>>> print(open('model19.cif').read())   # mmCIF, C-alpha atoms
data_run
#
loop_
_atom_site.label_atom_id
_atom_site.label_comp_id
_atom_site.auth_asym_id
_atom_site.auth_seq_id
_atom_site.Cartn_x
_atom_site.Cartn_y
_atom_site.Cartn_z
CA MET A 265 -1.84 16.76 -20.48
CA VAL A 266 -2.57 18.92 -17.45
CA PRO A 267 -6.13 20.30 -17.76
CA ASP A 268 -6.40 24.08 -18.01
CA THR A 269 -8.98 24.01 -15.24
CA LYS A 270 -6.42 22.61 -12.81
CA ARG A 271 -3.76 25.09 -13.89
CA GLN A 272 -6.17 27.97 -13.36
CA HIS A 273 -7.34 26.57 -10.03
CA LEU A 274 -3.78 26.37 -8.71
CA VAL A 275 -3.00 29.96 -9.72
CA ARG A 276 -6.28 31.11 -8.18
CA VAL A 277 -5.47 29.46 -4.84
CA LEU A 278 -2.01 31.02 -4.79
CA ARG A 279 -3.38 34.47 -5.53
CA GLU A 280 -5.93 34.06 -2.75
CA CYS A 281 -3.02 33.54 -0.36
CA GLY A 282 -1.32 36.72 -1.52
CA SER A 283 2.13 35.95 -0.12
CA VAL A 284 3.41 32.54 0.90
CA VAL A 285 6.02 30.55 2.77
CA VAL A 286 6.50 27.20 1.02
CA GLY A 287 7.73 24.12 2.85
CA TYR A 288 10.49 23.35 0.38
CA SER A 289 12.21 19.98 0.68
CA GLY A 290 13.83 19.88 -2.74
CA GLY A 291 11.43 17.16 -3.88
CA VAL A 292 9.25 17.13 -6.99
CA ASP A 293 6.15 18.65 -5.43
CA SER A 294 7.65 21.41 -3.31
CA VAL A 295 10.03 22.58 -6.04
CA PHE A 296 7.14 22.76 -8.50
CA LEU A 297 4.92 24.61 -6.02
CA ALA A 298 7.61 27.18 -5.23
CA ARG A 299 8.34 27.76 -8.93
CA VAL A 300 4.67 28.31 -9.82
CA ALA A 301 4.18 30.51 -6.76
CA VAL A 302 6.99 32.81 -7.92
CA GLU A 303 5.40 32.97 -11.37
CA ALA A 304 1.93 33.72 -9.98
CA LEU A 305 2.83 36.07 -7.11
CA GLY A 306 6.25 37.49 -7.87
CA ALA A 307 9.46 36.57 -6.08
CA GLU A 308 8.94 39.27 -3.44
CA ASN A 309 5.83 37.42 -2.21
CA VAL A 310 7.38 33.95 -1.93
CA LEU A 311 9.84 32.40 0.51
CA ALA A 312 10.84 28.75 0.11
CA VAL A 313 12.03 27.32 3.43
CA THR A 314 14.01 24.11 3.81
CA GLY A 315 14.25 22.42 7.19
CA LYS A 316 17.80 21.22 7.87
CA SER A 317 18.26 18.26 10.19
CA ASP A 318 19.93 14.86 10.47
CA SER A 319 16.76 13.34 9.01
CA ILE A 320 17.20 15.05 5.64
CA ALA A 321 19.63 13.67 3.07
CA SER A 322 22.36 16.12 2.14
CA TRP A 323 21.70 15.68 -1.57
CA MET A 324 18.13 16.89 -1.03
CA GLU A 325 19.43 20.07 0.60
CA ASP A 326 21.80 20.53 -2.34
CA THR A 327 18.93 20.13 -4.81
CA ALA A 328 16.78 22.62 -2.92
CA ARG A 329 19.57 25.20 -2.92
CA GLU A 330 20.61 24.73 -6.54
CA VAL A 331 17.07 24.88 -7.95
CA ALA A 332 16.24 27.96 -5.88
CA GLN A 333 19.31 29.76 -7.18
CA ARG A 334 18.73 28.71 -10.78
CA PHE A 335 15.07 29.75 -10.90
CA GLY A 336 15.18 32.86 -8.73
CA ILE A 337 13.20 31.38 -5.83
CA PRO A 338 13.86 33.23 -2.55
CA TRP A 339 15.21 30.56 -0.21
CA LEU A 340 15.88 30.12 3.47
CA GLU A 341 17.33 27.14 5.28
CA LEU A 342 16.66 26.75 8.98
CA GLU A 343 17.53 24.07 11.45
CA THR A 344 14.81 21.89 12.89
CA HIS A 345 15.21 19.79 16.00
CA GLU A 346 12.66 17.00 15.74
CA ILE A 347 15.26 14.42 16.73
CA ASP A 348 15.53 16.10 20.15
CA ASP A 349 11.87 15.25 20.76
CA PRO A 350 11.79 11.87 22.54
CA ARG A 351 8.38 11.17 21.00
CA TYR A 352 9.89 11.41 17.53
CA ALA A 353 13.09 9.57 18.43
CA ALA A 354 11.06 6.63 19.80
CA ASN A 355 9.85 6.10 16.21
CA PRO A 356 6.15 5.30 16.71
CA SER A 357 3.89 4.78 13.72
CA ASN A 358 2.90 8.47 13.90
CA ARG A 359 6.53 9.63 13.97
CA CYS A 360 5.87 12.02 11.08
CA TYR A 361 3.38 13.94 13.18
CA PHE A 362 6.10 15.07 15.58
CA CYS A 363 8.49 15.91 12.75
CA LYS A 364 5.93 17.98 10.86
CA SER A 365 4.73 19.66 14.03
CA GLU A 366 8.26 20.95 14.51
CA LEU A 367 8.57 22.02 10.88
CA TRP A 368 5.21 23.75 10.50
CA THR A 369 5.51 25.54 13.83
CA ARG A 370 8.87 26.94 12.74
CA LEU A 371 7.54 27.97 9.32
CA ALA A 372 4.46 29.58 10.86
CA ASP A 373 6.82 31.66 13.01
CA VAL A 374 8.76 32.72 9.91
CA ALA A 375 5.55 33.66 8.09
CA ARG A 376 4.30 35.72 11.02
CA GLU A 377 7.62 37.48 11.64
CA GLN A 378 8.14 38.36 7.96
CA GLY A 379 4.53 39.19 7.12
CA PHE A 380 3.62 36.36 4.75
CA GLY A 381 -0.04 35.47 4.40
CA ALA A 382 0.04 31.66 4.34
CA VAL A 383 2.20 28.57 4.79
CA LEU A 384 1.97 25.96 2.03
CA ASP A 385 2.93 22.32 1.63
CA GLY A 386 3.32 20.15 -1.46
CA SER A 387 0.66 17.52 -0.78
CA ASN A 388 -1.09 16.43 -3.98
CA ALA A 389 -4.20 14.52 -4.99
CA ASP A 390 -2.41 11.16 -4.90
CA ASP A 391 -1.61 11.61 -1.22
CA VAL A 392 -5.24 11.29 -0.16
CA GLY A 393 -5.81 8.03 1.67
CA ASP A 394 -2.15 7.38 2.51
CA HIS A 395 -1.01 6.89 6.10
CA ARG A 396 0.02 10.52 6.61
CA PRO A 397 0.15 11.55 10.28
CA GLY A 398 2.12 14.60 9.15
CA ALA A 399 -1.06 15.89 7.50
CA VAL A 400 -2.64 16.21 10.95
CA ALA A 401 0.18 18.52 12.00
CA ALA A 402 -0.34 20.56 8.83
CA THR A 403 -4.04 20.97 9.61
CA GLU A 404 -3.28 22.00 13.19
CA ASN A 405 -0.96 24.72 11.89
CA ALA A 406 -3.35 25.99 9.19
CA VAL A 407 -1.04 24.89 6.38
CA ARG A 408 -2.68 24.97 2.94
CA SER A 409 -2.11 22.40 0.18
CA PRO A 410 -2.67 24.19 -3.16
CA LEU A 411 -1.71 21.19 -5.30
CA LEU A 412 -4.27 19.06 -3.49
CA GLU A 413 -6.89 21.82 -3.66
CA ALA A 414 -6.37 22.03 -7.42
CA GLY A 415 -6.68 18.24 -7.76
CA LEU A 416 -3.21 17.84 -9.30
CA THR A 417 -1.84 14.29 -9.41
CA LYS A 418 1.83 13.35 -9.20
CA ASP A 419 1.97 12.56 -12.91
CA GLU A 420 0.45 15.94 -13.76
CA ILE A 421 2.93 17.71 -11.49
CA ARG A 422 5.80 15.89 -13.20
CA GLU A 423 4.44 16.82 -16.63
CA TRP A 424 4.02 20.50 -15.71
CA SER A 425 7.44 20.50 -14.03
CA ARG A 426 8.97 19.24 -17.25
CA GLU A 427 7.28 22.05 -19.19
CA LEU A 428 8.83 24.54 -16.77
CA GLY A 429 12.28 23.03 -17.24
CA LEU A 430 12.60 21.91 -13.62
CA PRO A 431 15.36 19.31 -13.19
CA THR A 432 13.30 17.57 -10.52
CA TRP A 433 10.49 16.56 -12.91
CA ASP A 434 11.58 12.90 -12.99
CA GLN A 435 13.24 12.76 -9.58
CA PRO A 436 12.27 9.68 -7.52
CA ALA A 437 10.32 10.19 -4.31
CA ALA A 438 12.64 11.07 -1.44
CA PRO A 439 11.08 11.03 2.03
CA CYS A 440 13.20 11.64 5.11
CA LEU A 441 15.92 9.19 6.12
CA ALA A 442 13.99 8.17 9.24
CA SER A 443 11.44 6.49 6.97
CA ARG A 444 14.02 3.74 6.42
CA ILE A 445 13.96 2.71 10.09
CA PRO A 446 11.23 0.25 11.18
CA TYR A 447 8.74 1.57 13.71
CA GLY A 448 9.88 1.01 17.27
CA ILE A 449 13.61 1.15 16.51
CA ALA A 450 14.91 4.45 17.84
CA VAL A 451 15.82 7.18 15.38
CA THR A 452 19.37 8.27 16.17
CA PRO A 453 21.89 10.48 14.34
CA GLN A 454 24.18 7.46 13.95
CA ARG A 455 21.53 5.36 12.22
CA LEU A 456 20.55 8.24 9.96
CA ARG A 457 24.20 8.75 8.96
CA GLN A 458 24.56 5.04 8.20
CA ILE A 459 21.52 5.14 5.92
CA GLU A 460 22.67 8.23 4.08
CA THR A 461 26.22 6.93 3.62
CA ALA A 462 24.97 3.63 2.21
CA GLU A 463 22.46 5.33 -0.09
CA LEU A 464 25.09 7.75 -1.39
CA GLY A 465 27.19 4.69 -2.24
CA LEU A 466 24.35 3.20 -4.28
CA ARG A 467 23.65 6.52 -5.98
CA ALA A 468 27.31 6.68 -7.01
CA LEU A 469 26.83 3.29 -8.70
CA GLY A 470 23.98 4.69 -10.78
CA PHE A 471 20.97 3.36 -8.88
CA ARG A 472 18.12 5.91 -8.81
CA ASP A 473 14.99 4.57 -7.14
CA PHE A 474 15.82 2.59 -4.02
CA ARG A 475 15.90 2.49 -0.23
CA VAL A 476 18.39 1.20 2.33
CA ARG A 477 16.23 -0.09 5.17
CA HIS A 478 17.93 -0.12 8.57
CA HIS A 479 17.46 -3.24 10.72
CA ASP A 480 20.22 -2.63 13.27
CA GLY A 481 23.32 -4.37 11.87
CA LEU A 482 21.44 -5.52 8.80
CA ALA A 483 20.77 -3.39 5.72
CA ARG A 484 17.81 -4.45 3.56
CA LEU A 485 18.14 -3.04 0.06
CA GLU A 486 15.05 -2.27 -1.97
CA VAL A 487 15.65 -1.13 -5.54
CA HIS A 488 13.22 -0.52 -8.36
CA PRO A 489 12.32 -3.86 -9.99
CA ALA A 490 13.87 -2.65 -13.25
CA GLU A 491 17.22 -2.25 -11.49
CA ILE A 492 17.37 -5.48 -9.49
CA ALA A 493 19.23 -7.38 -12.22
CA ARG A 494 22.02 -4.76 -12.14
CA MET A 495 22.75 -5.53 -8.51
CA ALA A 496 24.45 -8.80 -9.37
CA ASP A 497 26.85 -6.94 -11.64
CA HIS A 498 27.81 -4.54 -8.85
CA ARG A 499 27.68 -6.93 -5.89
CA ALA A 500 31.22 -6.30 -4.66
CA LYS A 501 30.92 -2.51 -4.82
CA ILE A 502 27.48 -2.58 -3.22
CA ALA A 503 28.77 -4.71 -0.37
CA GLU A 504 31.76 -2.43 0.08
CA ALA A 505 29.63 0.72 0.15
CA VAL A 506 27.11 -0.67 2.62
CA ARG A 507 29.73 -2.15 4.92
CA ALA A 508 31.57 1.19 4.90
CA ALA A 509 28.40 2.71 6.34
CA GLY A 510 28.66 0.38 9.35
CA PHE A 511 26.29 -2.47 8.47
CA ARG A 512 27.41 -6.05 9.09
CA ARG A 513 25.02 -7.84 6.74
CA VAL A 514 23.35 -6.89 3.47
CA LEU A 515 20.12 -8.37 2.13
CA ILE A 516 18.42 -7.70 -1.18
CA ASP A 517 14.63 -7.61 -1.10
CA LEU A 518 13.53 -9.35 -4.29
CA GLN A 519 10.13 -7.66 -4.20
CA GLY A 520 11.94 -4.43 -4.96
CA TYR A 521 11.21 -0.93 -3.79
CA ARG A 522 7.60 -0.12 -2.90
CA ARG A 523 6.08 2.49 -0.66
CA GLY A 524 5.20 1.47 2.88
CA SER A 525 7.26 -1.70 2.96
CA LEU A 526 8.30 -1.13 6.56
CA ASN A 527 4.77 -2.06 7.52
CA GLU A 528 5.39 -5.53 6.20
CA GLY A 529 8.40 -6.33 8.37
CA LEU A 530 11.02 -8.85 7.40
CA ALA A 531 8.90 -11.94 7.88
CA GLY A 532 6.87 -11.70 4.69
CA ALA A 533 9.52 -10.28 2.40
CA GLN A 534 11.50 -12.22 -0.17
CA LEU A 535 15.13 -11.67 0.76
CA VAL A 536 18.45 -12.78 -0.62
CA GLN A 537 21.66 -12.19 1.28
CA LEU A 538 24.11 -10.36 -0.94
CA GLY A 539 26.67 -12.99 -0.03
CA ALA A 540 24.71 -15.43 -2.18
CA PHE A 541 26.18 -13.58 -5.16
CA GLY A 542 29.64 -14.53 -3.93
CA GLU A 543 30.49 -11.57 -1.71
CA ARG A 544 30.93 -12.27 1.98
CA VAL A 545 29.42 -9.36 3.87
CA ASN A 546 29.05 -10.49 7.48
CA GLY A 547 31.79 -10.39 10.07
#
>>> encode(input="model19.cif", output="structure tokens")
Amino acid sequence: MVPDTKRQHLVRVLRECGSVVVGYSGGVDSVFLARVAVEALGAENVLAVTGKSDSIASWMEDTAREVAQRFGIPWLELETHEIDDPRYAANPSNRCYFCKSELWTRLADVAREQGFGAVLDGSNADDVGDHRPGAVAATENAVRSPLLEAGLTKDEIREWSRELGLPTWDQPAAPCLASRIPYGIAVTPQRLRQIETAELGLRALGFRDFRVRHHDGLARLEVHPAEIARMADHRAKIAEAVRAAGFRRVLIDLQGYRRGSLNEGLAGAQLVQLGAFGERVNG
């Protein structure tokens, strides 16, 4: 149960801001924040802004739009151009800094031009301590994090989201597509399209919590441990979907999906080529 003290704290922070632009990705946290902001401040004092770029999965944009329309959240989509920044495209370990610098600069411009008092992000209490170079960009652009300030955890946000009837309450985490590319391998529109196409194929097969990691011609599939057994039953369709995205080989990571796995590299992971299930995927 979400403590009343946290609920009150969140509303108090929002009212301190007066009017807000919310960085609105369509994920659990940002949808929840935008919905509560409308309730606390009135729709006329809230603008949810979604950055549109090759790095963002199309289904996330669709979710952002549909939820905004359903719940009366004023919404704006604007194009961001982080991929044109060679520092971002080079994919260093602080790649997110350059992406978020682009996003928060654009949202700060919107807030200033339209007279909103603050720019907000959806960081929560569970994000503290993670490798989050994007948080540096947020600080540099005076972005506030009301969920973090109120001490709300991810589980509490999901619980409160469910109370509000938000369809995103149980949605898996969905960071940008570039997070599937190992550091040092360039982020390109082609690679991002390959990842999205392959992941859409897995979503169509009913998989919910997973990643398609891009290792040039090789796709490394991480799915939630509870769903790994299902992969054998769908091996031919999985191989077909991933090959259609342009990958030559498909590997299943038996450790399953976990955050930050790109830091491990391939060497320490337990991998099984999908062909071991009887489907030839290379060549």
>>> closest_residue(input="model19.cif", among="A:Lys418, A:Arg484, A:Arg271, A:Lys316", to="Arg512 (chain A)", atoms="all atoms listed in the file")
A:Arg484
>>> atom_distance(input="model19.cif", atom1="CA of Ala496 (chain A)", atom2="CA of Trp433 (chain A)")
29.2 Å
>>> resolve_selection(input="model19.cif", expression="the PyMOL selection byres ((chain A and resi 480) around 12)", output="number ranges by chain")
A: 444-446, 448-452, 454-456, 458-459, 476-479, 481-484, 509-514
>>> residues_around(input="model19.cif", residues="Phe471 (chain A)", least_positions_apart="6", cutoff="10 Å", atoms="all atoms listed in the file", output="PyMOL selection string")
chain A and resi 463-465+487-488+491-492+494-495
>>> closest_residue(input="model19.cif", among="A:Gly282, A:Gly291, A:Gly386, A:Gly379", to="Ser409 (chain A)", atoms="all atoms listed in the file")
A:Gly386
>>> resolve_selection(input="model19.cif", expression="the PyMOL selection byres ((chain A and resi 401-404) around 10)", output="VMD selection string")
chain A and resid 360 to 369 383 to 385 396 to 400 405 to 409
>>> resolve_selection(input="model19.cif", expression="the PyMOL selection byres ((chain A and resi 380) around 7)", output="ChimeraX atom specification")
/A:283-285,375-376,378-379,381-382
>>> write_last_selection(input="model19.cif", atoms="C-alpha atoms", output="PDB file, in the coordinates of the input")
ATOM      1  CA  SER A 283       2.130  35.950  -0.120  1.00  0.00           C
ATOM      2  CA  VAL A 284       3.410  32.540   0.900  1.00  0.00           C
ATOM      3  CA  VAL A 285       6.020  30.550   2.770  1.00  0.00           C
ATOM      4  CA  ALA A 375       5.550  33.660   8.090  1.00  0.00           C
ATOM      5  CA  ARG A 376       4.300  35.720  11.020  1.00  0.00           C
ATOM      6  CA  GLN A 378       8.140  38.360   7.960  1.00  0.00           C
ATOM      7  CA  GLY A 379       4.530  39.190   7.120  1.00  0.00           C
ATOM      8  CA  GLY A 381      -0.040  35.470   4.400  1.00  0.00           C
ATOM      9  CA  ALA A 382       0.040  31.660   4.340  1.00  0.00           C
TER      10      ALA A 382
END
>>> residues_around(input="model19.cif", residues="Ser317 (chain A)", least_positions_apart="4", cutoff="9 Å", atoms="all atoms listed in the file", output="count of residues only")
7
>>> atom_distance(input="model19.cif", atom1="CA of Gly393 (chain A)", atom2="CA of Ile421 (chain A)")
18.5 Å
>>> residues_around(input="model19.cif", residues="Glu486 (chain A)", least_positions_apart="5", cutoff="9 Å", atoms="all atoms listed in the file", output="list in words")
Asp473, Phe474, Arg475, Val476, Arg477, Ile492, Leu515, Ile516, Asp517, Leu518, Gln519, Gly520, Tyr521 and Arg522 of chain A
>>> atom_distance(input="model19.cif", atom1="CA of Ala301 (chain A)", atom2="CA of Asp419 (chain A)")
19.1 Å
>>> closest_residue(input="model19.cif", among="A:Val292, A:Ile337, A:Ala505, A:Ala307", to="Thr432 (chain A)", atoms="all atoms listed in the file")
A:Val292
>>> decode(input="model19.cif", residues="region 284-314 of chain A", atoms="C-alpha atoms", output="PDB file, in the first residue's frame")
ATOM      1  CA  VAL A 284       4.700  21.646 -15.581  1.00  0.00           C
ATOM      2  CA  VAL A 285       6.114  20.103 -18.730  1.00  0.00           C
ATOM      3  CA  VAL A 286       6.491  16.355 -18.197  1.00  0.00           C
ATOM      4  CA  GLY A 287       9.029  14.286 -20.102  1.00  0.00           C
ATOM      5  CA  TYR A 288       6.534  11.675 -21.240  1.00  0.00           C
ATOM      6  CA  SER A 289       7.923   8.507 -22.810  1.00  0.00           C
ATOM      7  CA  GLY A 290       4.827   6.337 -22.500  1.00  0.00           C
ATOM      8  CA  GLY A 291       6.477   4.245 -19.786  1.00  0.00           C
ATOM      9  CA  VAL A 292       5.107   3.396 -16.348  1.00  0.00           C
ATOM     10  CA  ASP A 293       6.667   6.307 -14.475  1.00  0.00           C
ATOM     11  CA  SER A 294       6.074   9.160 -16.901  1.00  0.00           C
ATOM     12  CA  VAL A 295       2.473   8.154 -17.616  1.00  0.00           C
ATOM     13  CA  PHE A 296       1.759   7.996 -13.897  1.00  0.00           C
ATOM     14  CA  LEU A 297       3.434  11.354 -13.250  1.00  0.00           C
ATOM     15  CA  ALA A 298       1.507  13.081 -16.031  1.00  0.00           C
ATOM     16  CA  ARG A 299      -1.808  11.609 -14.827  1.00  0.00           C
ATOM     17  CA  VAL A 300      -1.267  12.721 -11.216  1.00  0.00           C
ATOM     18  CA  ALA A 301      -0.057  16.137 -12.371  1.00  0.00           C
ATOM     19  CA  VAL A 302      -3.315  16.683 -14.277  1.00  0.00           C
ATOM     20  CA  GLU A 303      -5.273  15.662 -11.184  1.00  0.00           C
ATOM     21  CA  ALA A 304      -3.267  17.958  -8.893  1.00  0.00           C
ATOM     22  CA  LEU A 305      -2.845  21.000 -11.149  1.00  0.00           C
ATOM     23  CA  GLY A 306      -5.569  20.822 -13.768  1.00  0.00           C
ATOM     24  CA  ALA A 307      -5.056  19.960 -17.423  1.00  0.00           C
ATOM     25  CA  GLU A 308      -4.413  23.597 -18.349  1.00  0.00           C
ATOM     26  CA  ASN A 309      -1.239  23.545 -16.233  1.00  0.00           C
ATOM     27  CA  VAL A 310       0.253  20.336 -17.640  1.00  0.00           C
ATOM     28  CA  LEU A 311       1.889  19.465 -20.951  1.00  0.00           C
ATOM     29  CA  ALA A 312       3.213  15.947 -21.532  1.00  0.00           C
ATOM     30  CA  VAL A 313       5.940  15.966 -24.190  1.00  0.00           C
ATOM     31  CA  THR A 314       7.185  12.887 -26.019  1.00  0.00           C
TER      32      THR A 314
END
